[in-house]
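Peer 1: PDB, C-alpha atoms and all ligand atoms, saved as query-v1.pdb, coming up:
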```pdb
ATOM      1  CA  MET S 236      26.855-220.247 -16.166
ATOM      2  CA  SER S 237      25.510-216.891 -15.083
ATOM      3  CA  LEU S 238      23.272-216.328 -12.109
ATOM      4  CA  VAL S 239      20.431-215.599 -14.501
ATOM      5  CA  ASP S 240      20.892-218.999 -16.174
ATOM      6  CA  ILE S 241      20.908-220.794 -12.832
ATOM      7  CA  LYS S 242      17.783-218.972 -11.709
ATOM      8  CA  GLU S 243      16.046-220.002 -14.934
ATOM      9  CA  LYS S 244      17.019-223.613 -14.351
ATOM     10  CA  ILE S 245      15.647-223.427 -10.818
ATOM     11  CA  LEU S 246      12.319-222.058 -12.061
ATOM     12  CA  ALA S 247      12.104-224.734 -14.752
ATOM     13  CA  ALA S 248      12.811-227.473 -12.193
ATOM     14  CA  GLU S 249      10.196-226.071  -9.792
ATOM     15  CA  LYS S 250       7.587-226.100 -12.558
ATOM     16  CA  LYS S 251       8.532-229.525 -13.853
ATOM     17  CA  HIS S 252       8.324-231.119 -10.404
ATOM     18  CA  ASN S 253       5.249-229.275  -9.178
ATOM     19  CA  ARG S 254       7.112-227.341  -6.540
ATOM     20  CA  ALA S 255       6.089-223.852  -5.468
ATOM     21  CA  VAL S 256       7.439-221.508  -8.122
ATOM     22  CA  GLY S 257       9.993-219.209  -6.528
ATOM     23  CA  GLY S 258      10.037-221.385  -3.417
ATOM     24  CA  THR S 259      13.665-222.478  -3.668
ATOM     25  CA  THR S 260      16.286-220.362  -1.939
ATOM     26  CA  LEU S 261      19.500-220.127  -3.945
ATOM     27  CA  ILE S 262      22.548-219.886  -1.699
ATOM     28  CA  ALA S 263      25.482-218.678  -3.803
ATOM     29  CA  VAL S 264      28.512-220.389  -2.273
ATOM     30  CA  SER S 265      31.331-217.864  -2.439
ATOM     31  CA  LYS S 266      34.059-219.688  -0.509
ATOM     32  CA  VAL S 267      37.553-219.203  -1.918
ATOM     33  CA  GLN S 268      36.208-217.123  -4.812
ATOM     34  CA  PRO S 269      37.916-213.871  -5.755
ATOM     35  CA  LEU S 270      36.066-210.926  -4.222
ATOM     36  CA  GLU S 271      35.464-209.402  -7.677
ATOM     37  CA  ARG S 272      33.307-212.367  -8.610
ATOM     38  CA  VAL S 273      31.299-212.044  -5.429
ATOM     39  CA  GLU S 274      30.835-208.321  -6.033
ATOM     40  CA  ILE S 275      29.488-208.987  -9.499
ATOM     41  CA  ALA S 276      26.783-211.179  -7.968
ATOM     42  CA  LEU S 277      26.011-208.517  -5.354
ATOM     43  CA  LYS S 278      25.757-205.841  -8.064
ATOM     44  CA  GLU S 279      23.419-208.104 -10.023
ATOM     45  CA  GLY S 280      21.192-208.020  -6.968
ATOM     46  CA  HIS S 281      21.880-211.407  -5.433
ATOM     47  CA  ARG S 282      21.833-211.275  -1.634
ATOM     48  CA  ILE S 283      22.051-214.823  -0.281
ATOM     49  CA  PHE S 284      25.516-216.306   0.092
ATOM     50  CA  GLY S 285      27.183-219.297   1.672
ATOM     51  CA  GLU S 286      30.626-219.768   3.199
ATOM     52  CA  ASN S 287      32.096-222.850   4.787
ATOM     53  CA  ARG S 288      34.763-221.339   7.013
ATOM     54  CA  VAL S 289      34.008-218.915   9.818
ATOM     55  CA  GLN S 290      37.305-217.094   9.487
ATOM     56  CA  GLU S 291      36.913-216.557   5.765
ATOM     57  CA  ALA S 292      33.304-215.463   6.211
ATOM     58  CA  GLN S 293      34.373-213.006   8.877
ATOM     59  CA  SER S 294      37.017-211.525   6.602
ATOM     60  CA  LYS S 295      34.552-210.529   3.890
ATOM     61  CA  TRP S 296      30.897-210.491   4.916
ATOM     62  CA  PRO S 297      30.676-207.882   7.681
ATOM     63  CA  LEU S 298      32.139-205.419   5.142
ATOM     64  CA  PHE S 299      29.840-206.502   2.307
ATOM     65  CA  LYS S 300      26.914-206.249   4.720
ATOM     66  CA  GLU S 301      27.825-202.618   5.350
ATOM     67  CA  GLN S 302      27.934-201.909   1.629
ATOM     68  CA  TYR S 303      24.853-203.831   0.503
ATOM     69  CA  ASP S 304      21.425-204.021   2.123
ATOM     70  CA  ASN S 305      19.702-207.245   3.093
ATOM     71  CA  VAL S 306      22.631-209.571   2.636
ATOM     72  CA  GLU S 307      21.955-212.999   4.133
ATOM     73  CA  LEU S 308      24.909-215.164   5.113
ATOM     74  CA  HIS S 309      24.654-218.929   5.484
ATOM     75  CA  LEU S 310      27.433-220.945   7.118
ATOM     76  CA  ILE S 311      27.543-224.363   5.488
ATOM     77  CA  GLY S 312      30.832-225.864   6.700
ATOM     78  CA  PRO S 313      31.819-227.829   9.820
ATOM     79  CA  LEU S 314      31.696-225.562  12.861
ATOM     80  CA  GLN S 315      34.242-225.844  15.651
ATOM     81  CA  THR S 316      32.717-225.252  19.063
ATOM     82  CA  ASN S 317      35.181-222.467  19.862
ATOM     83  CA  LYS S 318      33.947-220.552  16.785
ATOM     84  CA  THR S 319      30.270-220.773  17.742
ATOM     85  CA  ARG S 320      30.056-217.242  19.088
ATOM     86  CA  VAL S 321      31.595-215.592  16.029
ATOM     87  CA  ALA S 322      29.455-217.779  13.785
ATOM     88  CA  MET S 323      26.328-216.653  15.616
ATOM     89  CA  GLU S 324      27.361-213.029  15.396
ATOM     90  CA  ILE S 325      27.983-212.971  11.641
ATOM     91  CA  ALA S 326      25.629-215.586  10.182
ATOM     92  CA  ASP S 327      21.912-215.517   9.453
ATOM     93  CA  SER S 328      21.760-219.293   9.109
ATOM     94  CA  ILE S 329      23.942-222.192  10.202
ATOM     95  CA  HIS S 330      23.445-225.428   8.253
ATOM     96  CA  THR S 331      25.785-227.659  10.166
ATOM     97  CA  VAL S 332      24.445-228.416  13.632
ATOM     98  CA  ASP S 333      25.897-231.913  13.837
ATOM     99  CA  ARG S 334      26.587-232.850  17.467
ATOM    100  CA  HIS S 335      25.368-232.469  21.037
ATOM    101  CA  LYS S 336      28.258-230.331  22.166
ATOM    102  CA  LEU S 337      27.619-227.772  19.429
ATOM    103  CA  ALA S 338      23.891-227.725  20.214
ATOM    104  CA  ARG S 339      24.631-226.997  23.873
ATOM    105  CA  SER S 340      27.070-224.269  22.926
ATOM    106  CA  LEU S 341      24.473-222.671  20.613
ATOM    107  CA  ALA S 342      21.834-222.833  23.341
ATOM    108  CA  ARG S 343      24.078-221.237  25.946
ATOM    109  CA  LEU S 344      25.161-218.431  23.616
ATOM    110  CA  THR S 345      21.564-217.811  22.549
ATOM    111  CA  GLN S 346      20.817-216.863  26.149
ATOM    112  CA  GLU S 347      23.813-214.587  26.261
ATOM    113  CA  LEU S 348      23.433-212.932  22.849
ATOM    114  CA  GLY S 349      19.643-212.856  22.880
ATOM    115  CA  LYS S 350      19.482-214.187  19.326
ATOM    116  CA  CYS S 351      20.315-217.226  17.243
ATOM    117  CA  PRO S 352      20.653-217.728  13.501
ATOM    118  CA  LYS S 353      18.194-220.032  11.781
ATOM    119  CA  LEU S 354      19.516-223.576  12.147
ATOM    120  CA  PHE S 355      19.677-226.743  10.091
ATOM    121  CA  VAL S 356      20.739-230.099  11.476
ATOM    122  CA  GLN S 357      23.297-231.812   9.257
ATOM    123  CA  VAL S 358      22.550-235.489   8.670
ATOM    124  CA  ASN S 359      25.308-237.848   7.541
ATOM    125  CA  THR S 360      22.960-239.719   5.200
ATOM    126  CA  GLY S 361      25.742-241.972   3.917
ATOM    127  CA  ASP S 362      26.990-242.729   7.439
ATOM    128  CA  GLU S 363      30.458-241.845   6.183
ATOM    129  CA  GLU S 364      33.245-242.067   8.704
ATOM    130  CA  GLN S 365      35.044-238.907   7.599
ATOM    131  CA  LYS S 366      31.944-236.768   7.167
ATOM    132  CA  SER S 367      30.312-234.720   9.867
ATOM    133  CA  GLY S 368      26.622-234.939  10.550
ATOM    134  CA  ILE S 369      24.348-236.833  12.849
ATOM    135  CA  SER S 370      23.651-240.424  11.877
ATOM    136  CA  PRO S 371      20.240-240.942  10.168
ATOM    137  CA  ASN S 372      18.899-243.173  12.935
ATOM    138  CA  GLU S 373      19.791-240.620  15.620
ATOM    139  CA  ALA S 374      18.568-237.590  13.728
ATOM    140  CA  GLU S 375      15.026-237.516  15.023
ATOM    141  CA  ASN S 376      16.078-237.662  18.685
ATOM    142  CA  PHE S 377      18.766-235.086  18.106
ATOM    143  CA  VAL S 378      16.298-232.673  16.505
ATOM    144  CA  LYS S 379      13.953-233.155  19.469
ATOM    145  CA  GLU S 380      16.785-232.419  21.854
ATOM    146  CA  CYS S 381      17.673-229.228  19.963
ATOM    147  CA  LEU S 382      14.053-228.083  19.943
ATOM    148  CA  SER S 383      13.736-228.798  23.653
ATOM    149  CA  MET S 384      16.621-226.366  24.176
ATOM    150  CA  ASP S 385      14.594-223.785  22.203
ATOM    151  CA  LEU S 386      17.061-223.783  19.324
ATOM    152  CA  PRO S 387      15.450-222.474  16.112
ATOM    153  CA  VAL S 388      15.955-225.625  14.052
ATOM    154  CA  LYS S 389      14.063-225.159  10.796
ATOM    155  CA  GLY S 390      15.292-228.012   8.672
ATOM    156  CA  LEU S 391      17.857-230.624   7.727
ATOM    157  CA  MET S 392      20.935-230.525   5.534
ATOM    158  CA  CYS S 393      22.979-233.233   3.807
ATOM    159  CA  ILE S 394      25.974-233.690   1.530
ATOM    160  CA  PRO S 395      25.576-237.018  -0.313
ATOM    161  CA  PRO S 396      28.627-239.289  -0.700
ATOM    162  CA  ILE S 397      30.577-238.433  -3.850
ATOM    163  CA  ASN S 398      30.222-241.743  -5.627
ATOM    164  CA  GLU S 399      26.629-242.574  -4.861
ATOM    165  CA  GLU S 400      23.357-241.680  -6.496
ATOM    166  CA  ALA S 401      22.369-238.436  -4.774
ATOM    167  CA  SER S 402      18.636-239.168  -5.174
ATOM    168  CA  LEU S 403      18.711-241.874  -2.504
ATOM    169  CA  HIS S 404      20.184-239.404  -0.033
ATOM    170  CA  PHE S 405      17.793-236.600  -0.960
ATOM    171  CA  ALA S 406      14.862-238.979  -0.511
ATOM    172  CA  LEU S 407      16.193-240.170   2.850
ATOM    173  CA  LEU S 408      16.681-236.605   4.111
ATOM    174  CA  LYS S 409      13.148-235.728   3.008
ATOM    175  CA  LYS S 410      11.747-238.712   4.877
ATOM    176  CA  ILE S 411      13.641-237.882   8.072
ATOM    177  CA  SER S 412      12.484-234.270   7.878
ATOM    178  CA  GLU S 413       8.873-235.426   7.664
ATOM    179  CA  ASN S 414       9.356-237.640  10.718
ATOM    180  CA  CYS S 415      10.797-234.643  12.546
ATOM    181  CA  GLY S 416       8.086-232.266  11.372
ATOM    182  CA  LEU S 417      10.643-229.931   9.816
ATOM    183  CA  ALA S 418       9.755-228.051   6.645
ATOM    184  CA  GLN S 419      13.096-227.026   5.204
ATOM    185  CA  LEU S 420      15.684-229.026   3.319
ATOM    186  CA  SER S 421      19.175-227.793   2.462
ATOM    187  CA  MET S 422      20.392-230.122  -0.278
ATOM    188  CA  GLY S 423      21.703-229.974  -3.829
ATOM    189  CA  MET S 424      24.877-228.402  -5.200
ATOM    190  CA  SER S 425      26.148-227.375  -8.660
ATOM    191  CA  ASP S 426      25.850-230.838 -10.172
ATOM    192  CA  ASP S 427      22.547-231.944  -8.732
ATOM    193  CA  PHE S 428      20.436-228.984  -7.617
ATOM    194  CA  GLU S 429      17.649-229.728 -10.096
ATOM    195  CA  LYS S 430      17.418-233.267  -8.793
ATOM    196  CA  ALA S 431      17.387-231.935  -5.234
ATOM    197  CA  ILE S 432      14.491-229.638  -6.126
ATOM    198  CA  SER S 433      12.575-232.641  -7.433
ATOM    199  CA  PHE S 434      13.028-234.256  -3.999
ATOM    200  CA  GLY S 435      11.851-231.215  -2.080
ATOM    201  CA  ALA S 436      14.916-229.020  -1.516
ATOM    202  CA  THR S 437      14.002-225.587  -0.148
ATOM    203  CA  HIS S 438      17.620-224.375  -0.024
ATOM    204  CA  ILE S 439      20.209-225.260  -2.647
ATOM    205  CA  ARG S 440      23.904-224.498  -2.209
ATOM    206  CA  VAL S 441      25.516-223.667  -5.533
ATOM    207  CA  GLY S 442      29.121-222.518  -5.898
ATOM    208  CA  SER S 443      31.164-223.399  -8.948
ATOM    209  CA  ALA S 444      28.219-223.351 -11.372
ATOM    210  CA  ILE S 445      27.763-219.653 -10.571
ATOM    211  CA  PHE S 446      31.279-218.414  -9.905
ATOM    212  CA  GLY S 447      33.371-220.838 -11.945
ATOM    213  CA  GLU S 448      35.886-223.328 -10.661
ATOM    214  CA  ARG S 449      37.254-222.440  -7.257
ATOM    215  CA  LEU S 450      40.840-221.286  -7.222
ATOM    216  CA  LYS S 451      42.881-223.122  -4.661
ATOM    217  CA  SER S 452      42.490-221.923  -1.104
ATOM    218  CA  PRO S 453      45.331-219.595  -0.055
ATOM    219  CA  GLU S 454      45.312-221.199   3.411
TER     220      GLU S 454
HETATM  221  C1  LIG C 501      31.444-225.891  -1.463
HETATM  222  C2  LIG C 501      30.128-226.369  -0.999
HETATM  223  C3  LIG C 501      28.996-226.303  -1.835
HETATM  224  C4  LIG C 501      29.033-225.797  -3.262
HETATM  225  O1  LIG C 501      29.647-226.720  -4.088
HETATM  226  P1  LIG C 501      29.629-226.588  -5.685
HETATM  227  O2  LIG C 501      29.864-227.960  -6.166
HETATM  228  O3  LIG C 501      30.708-225.632  -6.040
HETATM  229  O4  LIG C 501      28.291-226.077  -6.073
HETATM  230  C5  LIG C 501      27.795-226.733  -1.311
HETATM  231  N1  LIG C 501      27.691-227.202  -0.059
HETATM  232  C6  LIG C 501      28.752-227.286   0.773
HETATM  233  C7  LIG C 501      28.567-227.809   2.145
HETATM  234  C8  LIG C 501      29.998-226.866   0.331
HETATM  235  O5  LIG C 501      31.052-226.948   1.167
END
```
Take the structure I supplied and represent it as structure tokens, if you would.

Peer 2:
Amino acid sequence: MSLVDIKEKILAAEKKHNRAVGGTTLIAVSKVQPLERVEIALKEGHRIFGENRVQEAQSKWPLFKEQYDNVELHLIGPLQTNKTRVAMEIADSIHTVDRHKLARSLARLTQELGKCPKLFVQVNTGDEEQKSGISPNEAENFVKECLSMDLPVKGLMCIPPINEEASLHFALLKKISENCGLAQLSMGMSDDFEKAISFGATHIRVGSAIFGERLKSPE
């Protein structure tokens, strides 16, 4: 699918589900994609991209940001504490605040750097052992803790379990966000972004539907 097709689908879903038209932010997930494909999207005017590894993001986005105006980079993958500083230097948003230690690291570096990307707290809505994210019943307290450290937490993010109905997880994330008083929801990927929009997504993370299947990571 082309970017234009995806954008049309987003508009149609917004209209169908009575969401603000144009209110959904499309994050084009460019991880592991050949640079030519990413450049095509940039030349078509798209400016909002997502990466899930700091090192990979660092290898391409500072350069693209020099070449193209107003590029916005979202980090959407698990963040190791020792990469917090680099992440904060290169990203405009971080979607994966998922533990106390990382929150403290972000708060400390905010003082030092004098700035912090926009943050989302990742919630492990399926309480999956192998997945990062704060457990649903701890999310509200964790968000409060982050806000008390003056971290700019704007919303919540989730990745539903592979073999479960995503709707249940989107609905749960929405409910938790309301309890927390947070307005933004990062949820929905290539296969379910329209559904996510129907449940209130403000940020959708779409990779393969835009760029094609990912080639295997060289790492
Ligand atoms: C890779 C990735 C996506 C995009 O996945 P697609 O199925 O290619 O759309 C979205 N969110 C996260 C966290 C990812 O790692």

Peer 1: Could I get the residue neighbourhood of ligand LIG 501 (chain C) at 7 Å, counting only C-alpha atoms and all ligand atoms, as an MDAnalysis selection string?

Peer 2: chainID S and resid 264 266 287 311:312 394 424:426 440:444

Peer 1: For the selection just defined, write its residues with C-alpha atoms to a file, as a JSON list (two decimals), keeping the file's coordinate frame.

Peer 2:
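The resulting selection.json:
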```json
[["chain", "number", "residue", "atom", "x", "y", "z"],
["S", 264, "VAL", "CA", 28.51, -220.39, -2.27],
["S", 266, "LYS", "CA", 34.06, -219.69, -0.51],
["S", 287, "ASN", "CA", 32.10, -222.85, 4.79],
["S", 311, "ILE", "CA", 27.54, -224.36, 5.49],
["S", 312, "GLY", "CA", 30.83, -225.86, 6.70],
["S", 394, "ILE", "CA", 25.97, -233.69, 1.53],
["S", 424, "MET", "CA", 24.88, -228.40, -5.20],
["S", 425, "SER", "CA", 26.15, -227.38, -8.66],
["S", 426, "ASP", "CA", 25.85, -230.84, -10.17],
["S", 440, "ARG", "CA", 23.90, -224.50, -2.21],
["S", 441, "VAL", "CA", 25.52, -223.67, -5.53],
["S", 442, "GLY", "CA", 29.12, -222.52, -5.90],
["S", 443, "SER", "CA", 31.16, -223.40, -8.95],
["S", 444, "ALA", "CA", 28.22, -223.35, -11.37]]
```

Peer 1: Taking the file as shown, find all residues satisfying the PyMOL selection byres (((chain S and resi 256-260) around 6) and not hetatm) and write them as a list of chain:residue names.

Peer 2: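 After applying the PyMOL selection byres (((chain S and resi 256-260) around 6) and not hetatm), what remains is S:Glu249, S:Ala255, S:Leu261, S:Thr437, S:His438.
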
Peer 1: Using the chain letters and numbers from the file, give me the residues hit by the PyMOL selection byres (((chain S and resi 329-346) around 8) and not hetatm), as a PyMOL selection string.

Peer 2: chain S and resi 309-316+319-320+322+326-328+347-358+367-369+377+381+384-386+391-392+421

Peer 1: Which residues come within 12 Å of Lys430 (chain S), counting all atoms listed in the file, excluding same-chain residues fewer than 3 positions away, as a ChimeraX atom specification?

Peer 2: /S:244-245,247-249,251-252,400-406,422-427,433-436,439

Peer 1: If we draw a sphere of 10 Å around (36.2, -218.1, 7.6), which residues have at least one atom in it when counting only C-alpha atoms? Please report them as a PyMOL selection string.

Peer 2: chain S and resi 266-267+286-296+310+312+318+321-322

Peer 1: Counting only C-alpha atoms, what is within 10 Å of His281 (chain S), bar same-chain residues fewer than 5 positions away, as a list in words?

Peer 2: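 Residues near the query, excluding close chain neighbours: Leu238, Leu261, Ile262, Ala263, Val273, Glu274, Ile275, Ala276, Asn305, Val306 and Glu307 of chain S.
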
Peer 1: Within 8 Å of Pro371 (chain S), counting all atoms listed in the file, which residues show up once you throw out same-chain ones fewer than 3 positions away? Write them as a PyMOL selection string, please.

Peer 2: chain S and resi 358-360+362+374-375+411

Peer 1: Report, in Å to a single decimal, how far apart CA of Glu373 (chain S) and CA of Lys409 (chain S) are.

Peer 2: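 A separation of 15.1 Å between them.
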
Peer 1: Please measure the separation of CA of Glu448 (chain S) and CA of Met236 (chain S), giving the value in Å to one decimal.

Peer 2: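 About the pair CA of Glu448 (chain S) and CA of Met236 (chain S): they are 11.0 Å apart.
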
Peer 1: Could you write out as lines of an AutoDock Vina configuration file the box around region 348-363 of chain S (axis-aligned, all atoms listed in the file, 4 Å on each side), with centre and edge lengths in Å to one decimal?

Peer 2:
```
center_x = 24.3
center_y = -227.8
center_z = 13.4
size_x = 20.3
size_y = 37.9
size_z = 27.0
```
